[in-house]
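Q: Right, I'll just put the structure down here and ask away after.
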Amino acid sequence: MKTNIKTRLITIIAVLVVFVFGIFRVPHGVSGEALKQAILQNIHLGLDLKGGMHLILQVKVDEAVSAETDTEVAGIQSDLQQNGITGATVSKPDANRPDFIQISGVPAAHNDDVRSLLESRYSNRFDIGPGVGNSWTLTMKPSVENDAKQRALDQAIEVIQTRTNTLGVSEPIIEPYQLGSYQILVELPGVDDLNRVKDVIQSTARLEAHEVLGGPWPDKQTAMQSIGGYIPPDAELLPSTPGASADGSAGEWYELRKIPIWGGTDIRDAQPGHNPNTGEPEVDFYLTNAAGDKFGQWTGANIGKDMAIVLDNRVQEVAVIKGQIHDQGNISGGGISEQRVKDLSMLLRTGALPASIDFLQETTVGPSLGADSIRQGVVAAIVGMVTVMVFMLIYYRGAGINADLALILNLVILLGFLGFSGATLTLPGIAGVILTIGMGVDSNVLIFERIREELRAGKSPSASVDQGFAHAFTTIVDTHVTTIVSAAILFIFGTGPVKGFAVTLTFGLLANFFTSVFVSRVIFDASLSRKLHGEPISI
Amino acid sequence: MELFHDPKIDWLGKKWYFLGFSLIFSVAGLLSIFFWHHLPLDVDFRGGTVVRVKFASAPDANRIRSAIDKAGLRDARIQQPYGPAANNEVLVTLSRSATSESAIDQGRAAIVSTLSQNYAAGAQQNQSKIDLDNIASGALTSWLEQNDPEHLGNSSDAETRYTDQAAAVLRYRDTEHSGIIESIDSLRGVVDPAVLTAFEQNAWLSGFSVRSVEIVGAQVGKVLQHQAELATLYSLAGMLVYLWFRFELIYGVAAVVACFHDTIITVGAFSLSNQEISLTVIAAILTLIGYSMNDTIVVFDRIRENLRLSRREPLADLVNRSINQTLSRTVLTSGLTFLTVLSLFLFGGEVLRGFSFALVVGILIGTYSSIAVAAPMLVAYQDWRARRGKAASLPAAKKARV
């Protein structure tokens with residue numbers, strides 16, 4: 001019996017040492033400040049305690065699908081041309097259906113040619129069907145569409161990751177959120193310069209070069225009138241940023257060819273620089289080799305025409321093509337600031353977002369609130385714990401010490417677990433720790449009350465302890481299971497802070513199972529083994 | 001020490017009182033939910049913008065209101081004081097319609113800029129200065145680098161030096177003084193004298209700081225609401241299945257009915273007191289569903305144990321005896337958990353107020369319901385079966401423990 005107790009005691013001490021190590025690792029000293037530092041280094045604090053930003057972003061993946069079908073529209077047009085089919089219009093008639101392409105006005109004589117062309121070249125990506133009259137419809141296959149959307153999401157996550165890294169945010173979390181909804185969860189702990197971070201994340205930074213078909217016009221109505229009240233399917237109307245055109249007037253409108261000459265993914269590098277003549281800040285960018293070749297050919301063939309540089313759907317600059325241009329260009333004008341030039345070159349370097357982004361949710365916790373929350377949480381925990389411990393001492397006397405020791409060990413294991421696992425401690429997580437104190441001591445009460453009952457029934461102390469633990473055991477299992485089931489459901493459904501609560505509560509209760517059933521028992525046995533047979537125990 | 005020495009209370013004899021008590025509270029809660037305060041939902045679920053602002057001195061409600069009106073935010077709700085009056089905190093809430101999905105933080109930006117222009121004293125003459133109460137660390141560092149009060153030039157020394165100085169200011173402000181600097185002079189000793197002089201000349205204190213901002217678009221709110229409902233239902237179902245598996249179906253049904261009763265009354269208490277239900281409150285309610293099961297299980301365990309020992313005893317007496325035998329542990333366990341939760345309610349701060357309120361109410365009701373709702377339901381079920389002429393015994397069934 002004695003050796004048995006000894007091995008069990010050693011187990012407990014080993015567990016204690018391991019988890020104390022989990023909390024502190026090797027602190028730089030034993031002063032209060034050093035220990036506090038050690039704890040903060042090992043236990044990760046959540047955004048609500050540390051301060052920072054929590055964002056949920058919606059990637060407008062339809063734009064990515066639309067960009068793909070735009071390319072296909074151009075492809076079909078050139079295919080029809082090459083096969084000598086004229087008179088047919090290729091368009092996307094419904095703005096809300098980015099996956100839908102229509103070919104209308106096909107001459108009856110060519111109907112079969114069009115069908116075989118579509119079936120041979122497009123049927124692997126599109127469902128092809130005959131439309132009303134002499135027309136054909138192409139609907140992007142759901143699997144292809146979903147691939148495009150998923151790709152857009154993955155790419156967006158990658159781009160945002162690169163961007164936040166250049167901002168020097170430590171330990172950011174950027175991951176998909178709500179499977180299948182194309183949302184992204186972004187957590188930026190310790191960030192306090194919100195506006196800049198949001199700008200950097202949200203900028204699509206899609207830089208494109210377009211052929212100018214008409215304009216400038218002072219406003220959209222005039223533009224619409226001038227082009228006959230109808231935008232051709234292969235063109236678009238875009239406003240310019242103030243100062244983009246030569247005469248510097250504000251916000252003019254241009255008619256541009258929809259398919260860009262080169263686009264966002266064609267940028268190889270971008271650097272802040274200065275205009276050699278005026279000394280104004282500008283962004284110098286360089287195209288990839290392939291895009292550069294294409295650009296060279298196009299500019300060579302279109303000397304004298306107008307070309308527009310478009311950033312995030314606003315015309316940045318319009319210039320007459322004077323000669324062949326290969327792989328470089330710059331963005332300037334409009335009183336662009338040094339800071340903007342720096343940010344913009346970074347954004348262009350890290351690549352464009354494949355689609356624009358909406359903010360669905362934004363939570364910001366200032367660092368001062370986090371610090372106050374920690375203080376309040378710790379005070380509440382200490383008050384709660386001391387109250388419970390004092391009560392147990394008064395009510396159960398000797399056995400109260402037993403329960404208090406078990407409670408302290410319970411907390412050590414819980415905090416040590418947080419240190420080892422890297423789980424995040426949130427404010428509700430602190431509440432979970434406090435709740436663990438209250439619920440943990442319940443197990444002791446169940447056991448002690450049963451022991452008292454057995455003692456009243458006239459059993460010997462050691463038999464009563466035996467029976468007490470045996471009878472209370474299944475009840476304790478039941479009560480732990482029900483609470484942990486609740487916590488598990490919370491973990492599945494909850495977000496950030498609430499998840500932290502579920503984690504601490506679950507592990508607090510698991511640790512409690514060990515301390516109340518095993519540790520408490522060993523302490524009882526140890527004290528019983530020192531007594532004579534039948535000598536009363538203090539409970 | 002002992003709380004109850006061998007109590008002999010006739011719990012089931014009082015079942016009509018219990019029924020009346022439960023009915024009053026559930027019906028009052030339900031009436032409030034349907035006709036009075038409805039379900040006050042937090043911004044998490046309802047969508048909208050909530051900005052929590054702390055002021056250096058007691059905020060003037062009228063001036064805040066007029067400042068916010070100047071920004072054209074007419075449907076803004078101003079809750080003041082938020083938390084203890086001594087904290088000088090105010091909550092400004094904008095409805096969902098003022099929170100457009102494309103420019104989600106418009107409302108926040110408007111609130112912050114109108115407060116600094118129209119509320120803070122001396123905002124006009126200080127326009128060109130930096131506001132130490134609201135500046136971010138990056139901005140403060142680069143301001144120091146640009147002004148270079150210590151004349152360090154462009155060296156890398158300057159960068160580390162000023163980063164340290166900015167960090168010291170923010171640590172003083174955020175970690176030690178809850179986000180507000182009393183006076184620029186109070187930074188003496190926190191920063192170098194040269195930096196302090198620069199602050200005295202070119203910085204000011206607007207006397208307020210934004211402590212937290214929560215902006216939720218309509219779409220997210222709806223999803224979260226749906227998830228919260230689902231989670232609550234799954235929890236209740238989970239309990240039913242577990243008790244069915246551990247005892248018998250009727251025990252599970254009785255326990256889940258008691259739990260549902262607790263949930264209704266707790267949610268009703270939120271409606272009656274017009275407190276908002278947030279995500280953390282839902283977390284508290286789910287926890288309660290698990291926790292209030294505990295007392296019920298303790299009583300049920302004893303009923304089952306007694307059923308096996310004395311088959312002749314009328315069920316009502318046996319249930320009474322079981323409740324009395326477990327009374328002290330039921331009261332003690334709940335009481336101790338209640339104490340910790342109460343300490344959370346009193347000292348845990350505003351962010352957790354709703355969470356701890358739900359637990360405070362829920363633990364009281366949960367304990368009451370395991371004695372006054374769950375156990376009497378078992379007896380009522382057996383009476384009902386007896387009247388229909390079926391076998392009158394409650395299943396003790398499934399081999400229980402030794």
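If you're wondering about the labels, chains in the structure tokens are A, B, ... by order shown, residues count from 1 in each chain, ligands from 1 in order shown.
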Compile the contact shell of segment 191-201 of chain A as a list of chain:residue names: residues with an atom at most 9 Å away, counting only C-alpha atoms, same-chain residues fewer than 6 positions apart removed.

A: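 Residues meeting the cut-off are A:Gly51, A:Gly52, A:Met53, A:Val159, A:Ile160, A:Arg163, A:Thr164, A:Leu167, A:Val169, A:Ser170, A:Asp343, A:Leu344, A:Leu347, A:Ile357, A:Thr364, A:Val365, A:Gly366, A:Pro367, B:Ile135, B:Ala136, B:Ser137, B:Gly138, B:Ala139.
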
Q: Taking only C-alpha atoms into account, what are the residues of chain B at most 7 Å from chain A, put as a ChimeraX atom specification?

A: /B:1,101-102,104,136-138,174-175,178-179,211-217,220,227,231,235,239,280,283,286-287,290-291,293-294,298,329,333,336-337,339-341,343-344,347-349

Q: Can you work out which one of A:Gly279, A:Pro176, A:Gly400, A:Pro93 has the shortest atom-to-atom distance to Leu57 of chain A, counting only C-alpha atoms?

A: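 Checking each candidate against Leu57 of chain A, we get A:Pro176 as the closest.
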
Q: Run DSSP on the backbone and grab whatever in segment 47-170 of chain B lands in helix (DSSP H, G or I); send it over as a short mmCIF file (atom, residue, chain, number, x, y, z; two decimals) with C-alpha atoms, in the first residue's frame.

A:
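What follows is the written file part-v3.cif:
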data_model
loop_
_atom_site.label_atom_id
_atom_site.label_comp_id
_atom_site.auth_asym_id
_atom_site.auth_seq_id
_atom_site.Cartn_x
_atom_site.Cartn_y
_atom_site.Cartn_z
CA ALA B 61 -24.31 63.88 -23.14
CA ASN B 62 -25.72 66.95 -24.86
CA ARG B 63 -22.42 67.92 -26.37
CA ILE B 64 -21.82 64.40 -27.62
CA ARG B 65 -25.29 64.34 -29.11
CA SER B 66 -24.83 67.65 -30.88
CA ALA B 67 -21.38 66.64 -32.16
CA ILE B 68 -22.84 63.45 -33.58
CA ASP B 69 -25.80 65.28 -35.07
CA LYS B 70 -23.34 67.56 -36.83
CA ALA B 85 -20.04 56.16 -14.14
CA ALA B 86 -16.49 56.68 -12.86
CA ASN B 87 -15.13 55.05 -16.04
CA ARG B 96 -27.49 48.48 -39.63
CA SER B 97 -28.79 50.84 -42.27
CA ALA B 98 -25.96 53.24 -41.44
CA GLN B 106 -17.90 54.92 -42.62
CA GLY B 107 -19.87 55.24 -39.39
CA ARG B 108 -16.88 54.73 -37.17
CA ALA B 109 -14.79 57.24 -39.10
CA ALA B 110 -17.61 59.78 -38.87
CA ILE B 111 -18.00 59.30 -35.13
CA VAL B 112 -14.29 59.62 -34.44
CA SER B 113 -13.79 62.68 -36.62
CA THR B 114 -16.85 64.50 -35.33
CA LEU B 115 -15.81 63.86 -31.74
CA SER B 116 -12.33 65.22 -32.31
CA GLN B 117 -13.64 68.27 -34.24
CA ASN B 118 -16.78 69.09 -32.34
CA TYR B 119 -16.49 67.63 -28.87
CA SER B 137 2.23 53.75 -32.65
CA GLY B 138 3.39 53.79 -36.28
CA ALA B 139 2.15 57.33 -36.80
CA LEU B 140 3.76 58.56 -33.58
CA THR B 141 7.10 57.00 -34.49
CA SER B 142 7.15 58.56 -37.92
CA TRP B 143 6.04 61.92 -36.48
CA LEU B 144 9.00 61.79 -34.08
CA GLU B 145 11.37 60.80 -36.88
CA GLN B 146 10.20 63.68 -39.01
CA ASN B 147 10.42 66.29 -36.24
CA SER B 156 19.36 53.98 -37.69
CA ASP B 157 19.91 55.08 -34.10
CA ALA B 158 17.16 57.62 -34.59
CA GLU B 159 14.76 54.95 -35.73
CA THR B 160 15.24 52.69 -32.69
CA ARG B 161 15.36 55.67 -30.34
CA TYR B 162 12.05 57.09 -31.55
CA THR B 163 10.37 53.70 -31.80
CA ASP B 164 11.24 53.21 -28.13
CA GLN B 165 9.95 56.64 -27.18
CA ALA B 166 6.66 56.07 -29.03
CA ALA B 167 6.29 52.65 -27.41
CA ALA B 168 6.87 54.22 -23.97
CA VAL B 169 4.10 56.75 -24.58
CA LEU B 170 1.68 54.07 -25.73
#

Q: Got a sec: who's within 9 Å of Thr93 of chain B, counting only C-alpha atoms, leaving out chain neighbours fewer than 3 positions off, as number ranges by chain?

A: B: 43, 48-52, 75-79

Q: Can you measure atom CA of Met140 of chain A to atom CA of Val223 of chain B for me? One decimal in Å is fine.

A: 28.6 Å

Q: Any idea what the distance is between atom CA of Ile76 of chain A and atom CA of Arg97 of chain A?

A: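 So the answer is 18.0 Å.
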
Q: Give the answer as one residue: which of B:Asn88, B:Val351, B:Pro376, B:Leu73 has the shortest atom-to-atom distance to Leu49 of chain A, using only C-alpha atoms?

A: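 Among the listed residues, B:Val351 lies closest to Leu49 of chain A.
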